>>> print(open('query05.cif').read())   # mmCIF, C-alpha atoms
data_target
loop_
_atom_site.label_atom_id
_atom_site.label_comp_id
_atom_site.auth_asym_id
_atom_site.auth_seq_id
_atom_site.Cartn_x
_atom_site.Cartn_y
_atom_site.Cartn_z
CA MET A 1 -1.59 -33.07 157.52
CA LEU A 2 -0.33 -36.62 157.94
CA GLU A 3 1.69 -38.43 160.57
CA ASN A 4 5.33 -38.96 159.65
CA GLN A 5 5.09 -42.73 160.10
CA VAL A 6 3.79 -44.58 157.04
CA ILE A 7 1.17 -46.50 159.03
CA GLN A 8 -1.08 -43.79 160.43
CA SER A 9 -2.47 -44.16 163.96
CA VAL A 10 -5.59 -42.25 163.00
CA GLY A 11 -7.88 -44.53 161.01
CA PHE A 12 -7.18 -47.83 162.79
CA ARG A 13 -10.48 -49.44 163.74
CA ASN A 14 -12.83 -52.33 163.16
CA ILE A 15 -15.29 -52.18 160.26
CA LYS A 16 -18.96 -52.44 161.17
CA GLU A 17 -21.49 -53.35 158.48
CA ASP A 18 -25.22 -53.73 159.27
CA GLY A 19 -24.40 -53.81 162.97
CA LYS A 20 -21.89 -56.63 162.54
CA VAL A 21 -18.08 -56.35 162.76
CA THR A 22 -16.76 -57.75 159.48
CA GLY A 23 -13.10 -56.72 159.47
CA PHE A 24 -10.64 -53.95 160.29
CA GLN A 25 -8.94 -51.07 158.53
CA PHE A 26 -6.00 -48.68 158.84
CA ARG A 27 -4.40 -45.96 156.72
CA VAL A 28 -0.98 -45.71 155.08
CA ARG A 29 0.72 -42.78 153.36
CA ILE A 30 3.13 -43.30 150.50
CA PRO A 31 6.78 -42.82 151.60
CA TYR A 32 7.80 -41.27 148.27
CA TYR A 33 8.13 -37.68 147.08
CA ARG A 34 5.53 -38.08 144.36
CA GLY A 35 2.23 -39.88 143.95
CA ILE A 36 1.90 -42.99 141.81
CA PHE A 37 -0.64 -44.61 139.53
CA LEU A 38 -1.93 -47.84 141.04
CA CYS A 39 -0.25 -50.01 138.39
CA GLN A 40 3.08 -48.79 139.82
CA LEU A 41 2.18 -50.20 143.22
CA ARG A 42 3.51 -53.59 144.31
CA PRO A 43 1.27 -54.58 147.22
CA GLY A 44 2.61 -57.08 149.74
CA SER A 45 1.48 -59.00 152.80
CA LEU A 46 0.15 -57.85 156.15
CA PHE A 47 0.95 -59.43 159.51
CA VAL A 48 -1.20 -58.64 162.52
CA ASP A 49 0.26 -60.09 165.75
CA GLY A 50 2.12 -62.56 163.54
CA LYS A 51 -0.98 -63.73 161.62
CA LYS A 52 -0.46 -63.35 157.88
CA PHE A 53 -2.92 -61.84 155.41
CA GLU A 54 -1.97 -62.33 151.75
CA LYS A 55 -2.13 -59.40 149.32
CA ASP A 56 -5.21 -60.96 147.70
CA GLN A 57 -7.09 -60.72 151.03
CA ILE A 58 -6.39 -56.98 151.26
CA ILE A 59 -8.45 -54.15 149.74
CA TRP A 60 -6.76 -50.84 148.94
CA ASN A 61 -9.18 -47.93 149.11
CA VAL A 62 -7.67 -45.02 147.15
CA ASN A 63 -9.57 -41.79 146.46
CA GLY A 64 -12.63 -43.30 148.11
CA LYS A 65 -12.80 -46.37 145.87
CA ASP A 66 -11.99 -50.00 146.72
CA HIS A 67 -9.32 -51.77 144.65
CA THR A 68 -8.15 -55.38 144.77
CA ALA A 69 -4.51 -56.30 144.14
CA GLU A 70 -5.58 -57.86 140.85
CA GLU A 71 -7.43 -54.73 139.70
CA MET A 72 -4.47 -52.49 140.49
CA VAL A 73 -2.06 -54.40 138.20
CA SER A 74 -3.37 -52.60 135.10
CA ASP A 75 -4.87 -49.44 136.65
CA ARG A 76 -3.17 -46.53 134.86
CA GLU A 77 -5.80 -43.96 135.85
CA THR A 78 -6.18 -43.98 139.64
CA HIS A 79 -3.51 -41.77 141.18
CA TRP A 80 -2.49 -42.22 144.81
CA ALA A 81 -1.31 -38.82 146.10
CA VAL A 82 1.32 -38.21 148.77
CA THR A 83 -1.18 -36.16 150.75
CA GLU A 84 -4.04 -38.71 150.68
CA PRO A 85 -3.49 -41.89 152.67
CA ALA A 86 -4.82 -45.16 151.29
CA VAL A 87 -7.23 -47.08 153.50
CA ILE A 88 -6.25 -50.73 153.91
CA LYS A 89 -9.25 -52.97 154.55
CA VAL A 90 -9.17 -56.60 155.63
CA LYS A 91 -12.15 -58.98 156.04
CA LEU A 92 -12.10 -60.72 159.42
CA ASP A 93 -15.25 -61.94 161.16
CA GLY A 94 -15.51 -60.16 164.50
CA GLY A 95 -12.58 -57.87 163.67
CA LEU A 96 -9.59 -57.36 165.96
CA GLU A 97 -9.84 -57.61 169.74
CA GLN A 98 -9.75 -54.57 171.95
CA GLY A 99 -6.19 -53.64 172.90
CA PHE A 100 -2.74 -53.47 171.32
CA HIS A 101 -1.90 -54.99 167.93
CA ASP A 102 1.42 -55.24 166.15
CA LEU A 103 1.09 -54.47 162.45
CA LYS A 104 3.69 -55.24 159.82
CA PHE A 105 2.80 -54.28 156.26
CA GLY A 106 4.81 -54.40 153.04
CA PHE A 107 4.45 -52.54 149.76
CA CYS A 108 6.66 -50.81 147.21
CA PHE A 109 6.37 -49.15 143.81
CA THR A 110 8.19 -48.85 140.49
CA SER A 111 9.87 -45.74 139.02
CA SER A 112 10.46 -45.55 135.28
CA TYR A 113 13.46 -43.24 135.67
CA MET A 114 15.44 -45.57 137.93
CA PRO A 115 17.95 -48.04 136.47
CA PRO A 116 16.28 -51.34 135.43
CA ILE A 117 18.60 -53.29 137.72
CA MET A 118 16.94 -51.56 140.68
CA GLN A 119 13.43 -52.19 139.34
CA GLU A 120 13.62 -55.86 138.41
CA ASN A 121 13.93 -57.31 141.88
CA LEU A 122 11.50 -55.14 143.82
CA ASP A 123 10.00 -57.25 146.62
CA PRO A 124 7.20 -55.68 148.65
CA ASP A 125 7.72 -58.22 151.43
CA GLN A 126 11.38 -57.49 151.93
CA ASP A 127 13.30 -54.27 152.47
CA PRO A 128 15.76 -53.41 149.70
CA PRO A 129 19.42 -54.11 150.52
CA PHE A 130 20.11 -50.39 150.45
CA ILE A 131 17.55 -47.91 151.85
CA MET A 132 17.22 -44.59 150.04
CA PRO A 133 15.20 -42.22 152.22
CA GLU A 134 13.17 -40.78 149.36
CA PHE A 135 11.94 -44.23 148.32
CA GLY A 136 11.47 -45.31 151.92
CA HIS A 137 11.30 -48.78 153.37
CA HIS A 138 9.13 -51.56 151.94
CA ILE A 139 8.29 -52.97 155.36
CA HIS A 140 6.40 -50.80 157.82
CA THR A 141 5.58 -51.68 161.42
CA ARG A 142 3.54 -50.02 164.11
CA ARG A 143 1.91 -50.99 167.41
CA MET A 144 -1.57 -49.53 167.65
CA LEU A 145 -4.71 -49.71 169.76
CA ILE A 146 -8.21 -50.88 168.89
CA VAL A 147 -10.95 -49.57 171.18
CA MET B 1 -0.92 -12.32 137.18
CA TYR B 2 2.29 -11.26 138.88
CA GLN B 3 5.06 -10.24 136.48
CA TYR B 4 8.79 -10.29 137.21
CA ASP B 5 10.80 -8.50 134.55
CA LYS B 6 14.40 -9.04 135.65
CA LYS B 7 16.65 -10.29 132.83
CA GLY B 8 19.41 -12.88 133.19
CA PRO B 9 19.65 -15.74 135.66
CA LYS B 10 16.94 -15.42 138.31
CA ARG B 11 16.27 -17.11 141.64
CA GLY B 12 13.69 -19.82 142.13
CA ILE B 13 12.87 -22.91 144.16
CA ALA B 14 12.16 -26.49 143.19
CA LEU B 15 9.47 -27.60 145.63
CA TYR B 16 10.94 -31.09 145.44
CA SER B 17 13.34 -29.74 148.09
CA TYR B 18 10.49 -29.94 150.63
CA SER B 19 9.83 -33.63 149.97
CA ALA B 20 10.40 -34.76 153.56
CA GLU B 21 8.00 -32.13 154.93
CA PHE B 22 5.29 -31.71 152.28
CA GLY B 23 1.95 -33.07 153.48
CA ILE B 24 3.36 -33.70 156.96
CA THR B 25 4.30 -30.31 158.38
CA LYS B 26 3.91 -28.08 155.30
CA ASN B 27 1.28 -27.52 152.64
CA LEU B 28 1.60 -25.68 149.34
CA GLU B 29 0.94 -22.26 150.86
CA ASP B 30 3.58 -22.82 153.57
CA CYS B 31 6.15 -23.49 150.83
CA PHE B 32 5.05 -20.36 148.94
CA GLN B 33 5.39 -18.25 152.12
CA ASP B 34 8.91 -19.57 152.60
CA MET B 35 9.73 -18.58 148.98
CA TYR B 36 8.26 -15.14 149.53
CA ASP B 37 10.50 -14.64 152.58
CA MET B 38 13.49 -15.48 150.39
CA GLY B 39 12.39 -13.28 147.50
CA ALA B 40 12.51 -16.30 145.19
CA HIS B 41 10.08 -15.68 142.34
CA GLY B 42 10.54 -18.80 140.18
CA LEU B 43 8.70 -22.01 140.98
CA GLU B 44 9.08 -25.62 140.00
CA ILE B 45 6.43 -28.06 141.13
CA LEU B 46 6.22 -31.80 140.66
CA ALA B 47 2.91 -32.50 138.96
CA ASN B 48 2.34 -35.82 140.72
CA THR B 49 3.07 -34.27 144.12
CA HIS B 50 1.85 -30.72 144.36
CA ILE B 51 -1.31 -30.68 142.24
CA GLU B 52 -4.28 -31.68 144.33
CA ASN B 53 -6.25 -34.46 142.66
CA TYR B 54 -3.64 -34.82 139.89
CA PRO B 55 -4.13 -35.37 136.97
CA ASN B 56 -7.64 -33.92 137.29
CA PRO B 57 -7.52 -30.87 139.58
CA SER B 58 -10.82 -29.11 140.28
CA GLU B 59 -11.67 -25.64 138.97
CA GLU B 60 -11.68 -24.46 142.61
CA TRP B 61 -8.14 -25.72 143.15
CA ILE B 62 -6.94 -23.98 139.98
CA ALA B 63 -8.54 -20.70 141.06
CA GLU B 64 -6.80 -21.04 144.44
CA TRP B 65 -3.52 -21.84 142.65
CA PHE B 66 -3.57 -18.54 140.76
CA ARG B 67 -4.63 -16.63 143.88
CA LEU B 68 -1.63 -18.01 145.80
CA LEU B 69 0.82 -17.31 142.95
CA ASP B 70 -0.32 -13.69 142.92
CA LYS B 71 -0.28 -13.29 146.65
CA TYR B 72 3.29 -14.58 147.02
CA GLU B 73 4.63 -13.03 143.77
CA ILE B 74 5.48 -16.35 142.20
CA ILE B 75 6.02 -17.18 138.52
CA PRO B 76 5.09 -20.75 137.56
CA VAL B 77 8.28 -21.66 135.71
CA GLU B 78 8.81 -25.38 135.49
CA TYR B 79 6.35 -28.25 135.73
CA GLY B 80 8.03 -31.52 136.68
CA ASN B 81 6.51 -34.49 134.87
CA TRP B 82 7.46 -38.07 134.15
CA ILE B 83 6.99 -40.18 131.07
CA ASP B 84 6.34 -43.32 133.12
CA SER B 85 6.37 -45.76 130.25
CA HIS B 86 7.56 -48.65 132.45
CA MET B 87 4.62 -48.12 134.79
CA LEU B 88 2.94 -51.46 134.10
CA GLY B 89 5.98 -53.63 134.72
CA TYR B 90 4.74 -56.53 132.56
CA ARG B 91 5.04 -54.50 129.32
CA ASP B 92 6.22 -51.07 128.25
CA LEU B 93 3.70 -48.47 127.17
CA THR B 94 3.55 -47.99 123.41
CA THR B 95 4.76 -44.75 121.83
CA GLU B 96 1.14 -43.64 121.49
CA GLU B 97 0.33 -44.45 125.14
CA SER B 98 3.48 -42.65 126.32
CA TYR B 99 2.51 -39.65 124.21
CA GLU B 100 -0.94 -39.61 125.84
CA LEU B 101 0.67 -39.31 129.29
CA LEU B 102 2.90 -36.52 128.05
CA ALA B 103 0.07 -34.70 126.26
CA ARG B 104 -2.07 -34.72 129.40
CA ASP B 105 0.80 -33.07 131.30
CA ILE B 106 1.46 -30.51 128.56
CA ARG B 107 -2.19 -29.41 128.69
CA LEU B 108 -2.22 -29.26 132.48
CA ALA B 109 1.12 -27.41 132.67
CA HIS B 110 -0.25 -24.82 130.26
CA ARG B 111 -3.48 -24.49 132.20
CA LEU B 112 -1.47 -23.74 135.37
CA GLY B 113 0.62 -21.08 133.62
CA PHE B 114 3.90 -22.97 133.18
CA THR B 115 6.21 -22.47 130.20
CA VAL B 116 8.85 -25.16 130.78
CA MET B 117 8.49 -28.81 131.66
CA ARG B 118 11.13 -30.99 133.31
CA THR B 119 10.26 -34.05 131.29
CA LYS B 120 11.76 -37.08 132.99
CA MET B 121 12.51 -39.83 130.52
CA PRO B 122 12.06 -43.53 131.29
CA VAL B 123 15.46 -45.22 131.30
CA ILE B 124 16.81 -48.54 130.07
CA SER B 125 20.30 -48.71 131.59
CA SER B 126 22.33 -47.94 134.67
CA ALA B 127 23.89 -45.08 132.71
CA LEU B 128 20.33 -43.64 132.55
CA ASP B 129 20.00 -43.94 128.76
CA PRO B 130 16.45 -43.02 127.74
CA VAL B 131 14.07 -45.50 126.08
CA GLU B 132 14.80 -46.15 122.42
CA ASN B 133 11.57 -44.49 121.22
CA TRP B 134 12.14 -41.19 123.05
CA ARG B 135 12.48 -39.31 119.73
CA GLU B 136 9.15 -40.64 118.47
CA ILE B 137 7.37 -39.75 121.72
CA ILE B 138 8.77 -36.22 121.78
CA LYS B 139 8.18 -35.65 118.04
CA MET B 140 4.55 -36.62 118.47
CA ALA B 141 4.22 -34.05 121.27
CA LEU B 142 5.97 -31.13 119.55
CA PRO B 143 2.87 -29.65 117.85
CA LEU B 144 0.88 -29.64 121.10
CA ALA B 145 3.84 -28.20 123.02
CA GLU B 146 4.14 -25.44 120.44
CA GLU B 147 0.43 -24.70 120.63
CA CYS B 148 0.67 -24.49 124.44
CA GLY B 149 3.95 -22.52 124.52
CA ILE B 150 5.73 -25.28 126.44
CA LYS B 151 9.40 -26.28 126.28
CA MET B 152 9.96 -29.91 127.28
CA CYS B 153 13.34 -30.38 128.93
CA PRO B 154 14.94 -33.61 130.03
CA GLU B 155 17.19 -33.08 133.01
CA ILE B 156 20.92 -33.59 132.59
CA HIS B 157 21.83 -35.08 135.94
CA ALA B 158 24.94 -36.79 137.33
CA PRO B 159 26.26 -39.40 136.65
CA THR B 160 25.60 -38.01 133.15
CA ASN B 161 27.76 -34.98 132.44
CA LEU B 162 27.68 -32.35 129.71
CA ASP B 163 30.28 -34.06 127.54
CA SER B 164 28.22 -37.19 126.94
CA GLN B 165 26.53 -39.05 124.13
CA MET B 166 23.17 -38.45 125.78
CA VAL B 167 23.59 -34.68 125.59
CA ARG B 168 24.89 -34.94 122.03
CA ASN B 169 21.81 -36.95 121.07
CA PHE B 170 19.45 -34.37 122.57
CA VAL B 171 21.28 -31.50 120.85
CA GLU B 172 21.26 -33.36 117.55
CA PHE B 173 17.50 -33.83 117.89
CA ILE B 174 16.98 -30.11 118.60
CA GLU B 175 19.14 -29.09 115.64
CA GLU B 176 17.60 -31.59 113.23
CA THR B 177 14.02 -30.66 114.08
CA GLY B 178 14.79 -26.98 114.64
CA THR B 179 12.30 -27.10 117.49
CA LYS B 180 11.95 -24.42 120.16
CA ASN B 181 9.77 -26.72 122.24
CA PHE B 182 12.38 -29.20 123.40
CA GLY B 183 15.56 -28.27 125.27
CA LEU B 184 17.61 -29.04 128.35
CA ASN B 185 17.41 -28.59 132.08
CA ILE B 186 20.96 -28.65 133.44
CA ASP B 187 21.28 -29.90 136.99
CA PHE B 188 24.24 -28.11 138.60
CA GLY B 189 25.36 -31.43 140.09
CA VAL B 190 27.08 -32.02 136.73
CA PHE B 191 29.66 -29.40 137.81
CA ARG B 192 30.42 -31.01 141.15
CA ASN B 193 34.18 -31.15 141.71
CA ASN B 194 34.44 -31.78 145.44
CA PHE B 195 33.36 -35.00 147.11
CA ASP B 196 35.27 -34.60 150.40
CA ASN B 197 32.08 -34.82 152.48
CA GLU B 198 30.55 -37.72 150.56
CA PRO B 199 33.31 -39.75 148.88
CA GLU B 200 30.75 -42.56 148.34
CA HIS B 201 28.91 -40.34 145.84
CA ARG B 202 31.87 -39.96 143.53
CA ASN B 203 31.73 -43.35 141.77
CA ASN B 204 34.34 -42.24 139.24
CA PHE B 205 32.13 -39.31 138.24
CA MET B 206 34.09 -36.61 136.44
CA GLY B 207 32.28 -33.32 136.73
CA SER B 208 31.93 -30.99 133.75
CA LYS B 209 33.96 -27.79 133.52
CA PRO B 210 31.82 -24.64 133.90
CA GLU B 211 32.66 -23.45 130.36
CA GLU B 212 31.22 -26.65 128.87
CA ILE B 213 27.76 -25.15 129.33
CA ILE B 214 28.46 -22.32 126.83
CA PRO B 215 27.57 -24.13 123.59
CA LEU B 216 24.46 -25.57 125.24
CA LEU B 217 23.09 -22.29 126.60
CA PRO B 218 20.79 -21.60 123.60
CA TYR B 219 18.99 -24.87 124.41
CA VAL B 220 18.89 -24.50 128.20
CA TYR B 221 15.51 -23.21 129.32
CA CYS B 222 15.84 -23.90 133.03
CA CYS B 223 18.39 -25.13 135.55
CA HIS B 224 18.18 -27.15 138.69
CA ALA B 225 20.45 -25.22 141.01
CA LYS B 226 21.50 -28.36 142.83
CA PHE B 227 23.50 -27.74 145.98
CA ASN B 228 25.03 -30.16 148.42
CA HIS B 229 26.77 -28.25 151.16
CA MET B 230 26.56 -24.60 152.24
CA SER B 231 29.33 -23.26 154.48
CA ASP B 232 28.61 -20.95 157.42
CA ASP B 233 29.69 -18.00 155.30
CA PHE B 234 27.15 -18.99 152.63
CA GLU B 235 29.35 -20.54 149.97
CA GLU B 236 28.55 -23.81 148.21
CA THR B 237 31.64 -25.94 148.80
CA THR B 238 31.14 -28.75 146.24
CA ILE B 239 30.16 -26.92 143.01
CA PRO B 240 31.98 -23.89 141.45
CA TYR B 241 28.82 -21.79 141.54
CA LYS B 242 30.33 -18.37 140.94
CA GLU B 243 32.17 -19.50 137.82
CA VAL B 244 29.06 -21.12 136.34
CA VAL B 245 26.76 -18.22 137.17
CA ASP B 246 29.24 -15.65 135.84
CA ILE B 247 29.44 -17.53 132.54
CA MET B 248 25.65 -17.56 132.29
CA LYS B 249 25.50 -13.81 132.98
CA GLU B 250 28.26 -13.02 130.47
CA HIS B 251 26.39 -14.97 127.80
CA ASN B 252 23.11 -13.22 128.57
CA TRP B 253 21.35 -16.40 129.55
CA ASP B 254 17.85 -15.55 130.68
CA GLY B 255 15.97 -17.96 132.90
CA TYR B 256 15.54 -19.42 136.35
CA LEU B 257 17.94 -21.24 138.63
CA LEU B 258 15.67 -23.44 140.73
CA SER B 259 17.27 -24.41 144.03
CA GLU B 260 17.08 -28.11 144.57
CA TYR B 261 18.24 -29.76 147.78
CA GLU B 262 18.53 -33.52 147.56
CA GLY B 263 20.65 -34.28 150.66
CA TRP B 264 19.37 -37.29 152.56
CA ASP B 265 19.74 -35.47 155.87
CA LYS B 266 16.55 -33.61 155.02
CA TYR B 267 14.71 -36.76 156.14
CA ASP B 268 16.26 -36.50 159.63
CA PRO B 269 13.73 -35.75 162.37
CA GLY B 270 13.29 -32.01 162.88
CA TYR B 271 15.23 -30.99 159.76
CA GLU B 272 13.91 -27.77 158.18
CA VAL B 273 14.89 -27.61 154.52
CA GLY B 274 13.70 -23.99 154.37
CA GLN B 275 16.73 -22.98 156.43
CA THR B 276 19.03 -24.81 154.01
CA LEU B 277 17.33 -23.13 151.04
CA ARG B 278 17.75 -19.73 152.70
CA LYS B 279 21.51 -20.26 152.94
CA HIS B 280 21.58 -21.05 149.23
CA HIS B 281 19.52 -17.96 148.43
CA ILE B 282 21.82 -15.71 150.43
CA MET B 283 24.60 -16.92 148.11
CA LEU B 284 22.50 -16.59 144.94
CA LYS B 285 21.29 -13.14 145.92
CA ARG B 286 24.91 -12.03 146.36
CA TYR B 287 25.78 -13.39 142.89
CA LEU B 288 22.63 -12.42 141.01
CA GLY B 289 21.19 -9.44 142.79
CA ASP B 290 17.61 -9.30 144.00
#
>>> encode(input="query05.cif", output="structure tokens")
Amino acid sequence: MLENQVIQSVGFRNIKEDGKVTGFQFRVRIPYYRGIFLCQLRPGSLFVDGKKFEKDQIIWNVNGKDHTAEEMVSDRETHWAVTEPAVIKVKLDGGLEQGFHDLKFGFCFTSSYMPPIMQENLDPDQDPPFIMPEFGHHIHTRRMLIV
Amino acid sequence: MYQYDKKGPKRGIALYSYSAEFGITKNLEDCFQDMYDMGAHGLEILANTHIENYPNPSEEWIAEWFRLLDKYEIIPVEYGNWIDSHMLGYRDLTTEESYELLARDIRLAHRLGFTVMRTKMPVISSALDPVENWREIIKMALPLAEECGIKMCPEIHAPTNLDSQMVRNFVEFIEETGTKNFGLNIDFGVFRNNFDNEPEHRNNFMGSKPEEIIPLLPYVYCCHAKFNHMSDDFEETTIPYKEVVDIMKEHNWDGYLLSEYEGWDKYDPGYEVGQTLRKHHIMLKRYLGD
């Protein structure tokens, strides 16, 4: 079972490769009532303690496989389920320092059955003017601890 | 497999209702247990939500699926799918590509024992008009649907009502092709005649009269029993349920009414949609029998 918040507290840690800390990762669930194919995803930016990471610096690991923002644009096969959080990975030499970090992360997704007027201006880095609970927010924040 | 032989309108649940709780406090079996408590035998799932590892579930998951259906006396009625032909954003899927999505769902629905699909069309306007090539996509899929015993049904949902060009177009298609594999899912929200609690949802919508469903009944293979507000004495206060259900009984309509709760309050912390569904099923049980 998942946490109700989109950014999950379980899964937030630094990434260690060959004994060296090379970045950090955390998990997000999709705040929608159905899963999506990755081409429906509109990935946005991440802010950690105010420092910005562009979508092209962020890897989305879905179903155990890494995907770049560019790869996801035309991916009609990989399905991100509501019950399987995506792992968000960011390269950062030395990772994040021990202690609290404020995360702010944006993403959204398209729906073919919604009126085009609501689909044309989707911005992952800005909340929509009108929040519908079953489509959720675009911007997600959470304060979490790195050990 | 469990059999349920009752004729006429029967009770069921659209698992969409659990959207705020699924994967967070409830899994598939929890939802099935809730249905069993209510004596609701008909099931609608959403393919992209409730099938583990969709669109490629494992053999183990499918075996477990049938075990759970049997255990909780559930009939797999309607498989909710989407023709997501705007999925890419930078171009629409071709008719052939859209058909491939649909064909994959028809095969999977059949494999899981379903007989009806709620086939959500991609739209091109605020009035929810379907894409211009919807006839071509559906025509291409008719032979496979026939082979698999599947009836594809777009959902007629407010702000569309029964007396609309969209419904006339669907009926014309059914009559021209003579197909038994394409029909309608009527969402009971089309009958809504009371907006006192949510005036903002009216938007000039004029609900259909219950009797307007009569000429459509031969093409209706499933209904979303949408409900908005249940009173403390278990009446739905926004939709003339008894009138609609009585008409369906009188005309010997045989199929499932799948309770669907869409109220946004279900996302409030601590909300239990199962309790809301139980209120609806007390009403339906009084109207329909067990």
>>> closest_residue(input="query05.cif", among="B:His280, B:Gly274, B:Asn193, B:His86", to="Gln33 in chain B", atoms="all atoms listed in the file")
B:Gly274
>>> resolve_selection(input="query05.cif", expression="the PyMOL selection byres ((chain B) within 6 of (chain A))", output="ChimeraX atom specification")
/B:19,23-24,48-49,84,86-88,122-123,125-126
>>> resolve_selection(input="query05.cif", expression="the PyMOL selection byres ((chain B and resi 133-145) around 12)", output="VMD selection string")
chain B and resid 83 to 85 92 to 110 114 to 117 119 to 124 129 to 132 146 to 154 166 169 to 174 176 to 183
>>> atom_distance(input="query05.cif", atom1="CA of Gly270 in chain B", atom2="CA of Ser17 in chain B")
15.0 Å
>>> closest_atom_pairs(input="query05.cif", of="range 23-112 of chain A", to="range 6-19 of chain A", cutoff="6 Å", atoms="all atoms listed in the file", output="tab-separated table")
residue	atom	partner	partner_atom	distance
A:Gly23	CA	A:Ile15	CA	5.1
A:Phe24	CA	A:Asn14	CA	4.0
A:Gln25	CA	A:Phe12	CA	5.6
A:Phe26	CA	A:Phe12	CA	4.2
A:Arg27	CA	A:Gln8	CA	5.4
A:Val28	CA	A:Ile7	CA	4.6
A:Arg29	CA	A:Val6	CA	5.1
A:Gly95	CA	A:Asn14	CA	5.6
>>> resolve_selection(input="query05.cif", expression="the PyMOL selection byres ((chain B and resi 222) around 6)", output="PyMOL selection string")
chain B and resi 185+220-221+223+255-256
>>> closest_residue(input="query05.cif", among="B:Ile62, B:Leu284, B:Asn228, B:Gly207", to="Lys266 in chain B", atoms="all atoms listed in the file")
B:Asn228
>>> atom_distance(input="query05.cif", atom1="CA of Tyr267 in chain B", atom2="CA of Ile146 in chain A")
29.8 Å
>>> decode(input="query05.cif", residues="range 55-60 of chain A", atoms="all heavy atoms", output="short mmCIF file (atom, residue, chain, number, x, y, z; two decimals), in the first residue's frame")
data_model
loop_
_atom_site.label_atom_id
_atom_site.label_comp_id
_atom_site.auth_asym_id
_atom_site.auth_seq_id
_atom_site.Cartn_x
_atom_site.Cartn_y
_atom_site.Cartn_z
N LYS A 55 13.83 19.12 -16.08
CA LYS A 55 13.28 17.79 -16.37
C LYS A 55 14.30 16.90 -17.09
O LYS A 55 14.28 15.68 -16.92
CB LYS A 55 11.98 17.90 -17.17
CG LYS A 55 12.15 18.44 -18.57
CD LYS A 55 10.84 18.40 -19.33
CE LYS A 55 11.09 18.87 -20.75
NZ LYS A 55 9.86 19.06 -21.52
N ASP A 56 15.21 17.52 -17.85
CA ASP A 56 16.20 16.72 -18.58
C ASP A 56 17.30 16.16 -17.67
O ASP A 56 18.09 15.33 -18.10
CB ASP A 56 16.84 17.56 -19.70
CG ASP A 56 15.79 18.06 -20.68
OD1 ASP A 56 14.80 17.32 -20.89
OD2 ASP A 56 15.93 19.18 -21.20
N GLN A 57 17.37 16.65 -16.42
CA GLN A 57 18.36 16.13 -15.47
C GLN A 57 17.76 15.02 -14.62
O GLN A 57 18.42 14.51 -13.72
CB GLN A 57 18.82 17.26 -14.54
CG GLN A 57 19.53 18.41 -15.23
CD GLN A 57 19.77 19.55 -14.24
OE1 GLN A 57 18.97 20.47 -14.09
NE2 GLN A 57 20.90 19.47 -13.52
N ILE A 58 16.49 14.69 -14.88
CA ILE A 58 15.75 13.78 -13.99
C ILE A 58 15.45 12.47 -14.73
O ILE A 58 14.98 12.48 -15.87
CB ILE A 58 14.43 14.44 -13.53
CG1 ILE A 58 14.73 15.71 -12.73
CG2 ILE A 58 13.58 13.45 -12.73
CD1 ILE A 58 13.51 16.58 -12.48
N ILE A 59 15.74 11.35 -14.07
CA ILE A 59 15.41 10.03 -14.62
C ILE A 59 14.16 9.51 -13.93
O ILE A 59 14.04 9.59 -12.70
CB ILE A 59 16.58 9.04 -14.36
CG1 ILE A 59 17.83 9.45 -15.15
CG2 ILE A 59 16.17 7.60 -14.69
CD1 ILE A 59 17.72 9.30 -16.64
N TRP A 60 13.22 9.02 -14.74
CA TRP A 60 12.02 8.38 -14.19
C TRP A 60 12.21 6.86 -14.32
O TRP A 60 12.30 6.35 -15.44
CB TRP A 60 10.79 8.80 -14.99
CG TRP A 60 10.32 10.19 -14.71
CD1 TRP A 60 10.95 11.35 -15.03
CD2 TRP A 60 9.10 10.57 -14.05
NE1 TRP A 60 10.21 12.44 -14.62
CE2 TRP A 60 9.06 11.98 -14.02
CE3 TRP A 60 8.04 9.84 -13.49
CZ2 TRP A 60 8.00 12.68 -13.44
CZ3 TRP A 60 6.97 10.54 -12.92
CH2 TRP A 60 6.97 11.94 -12.89
#
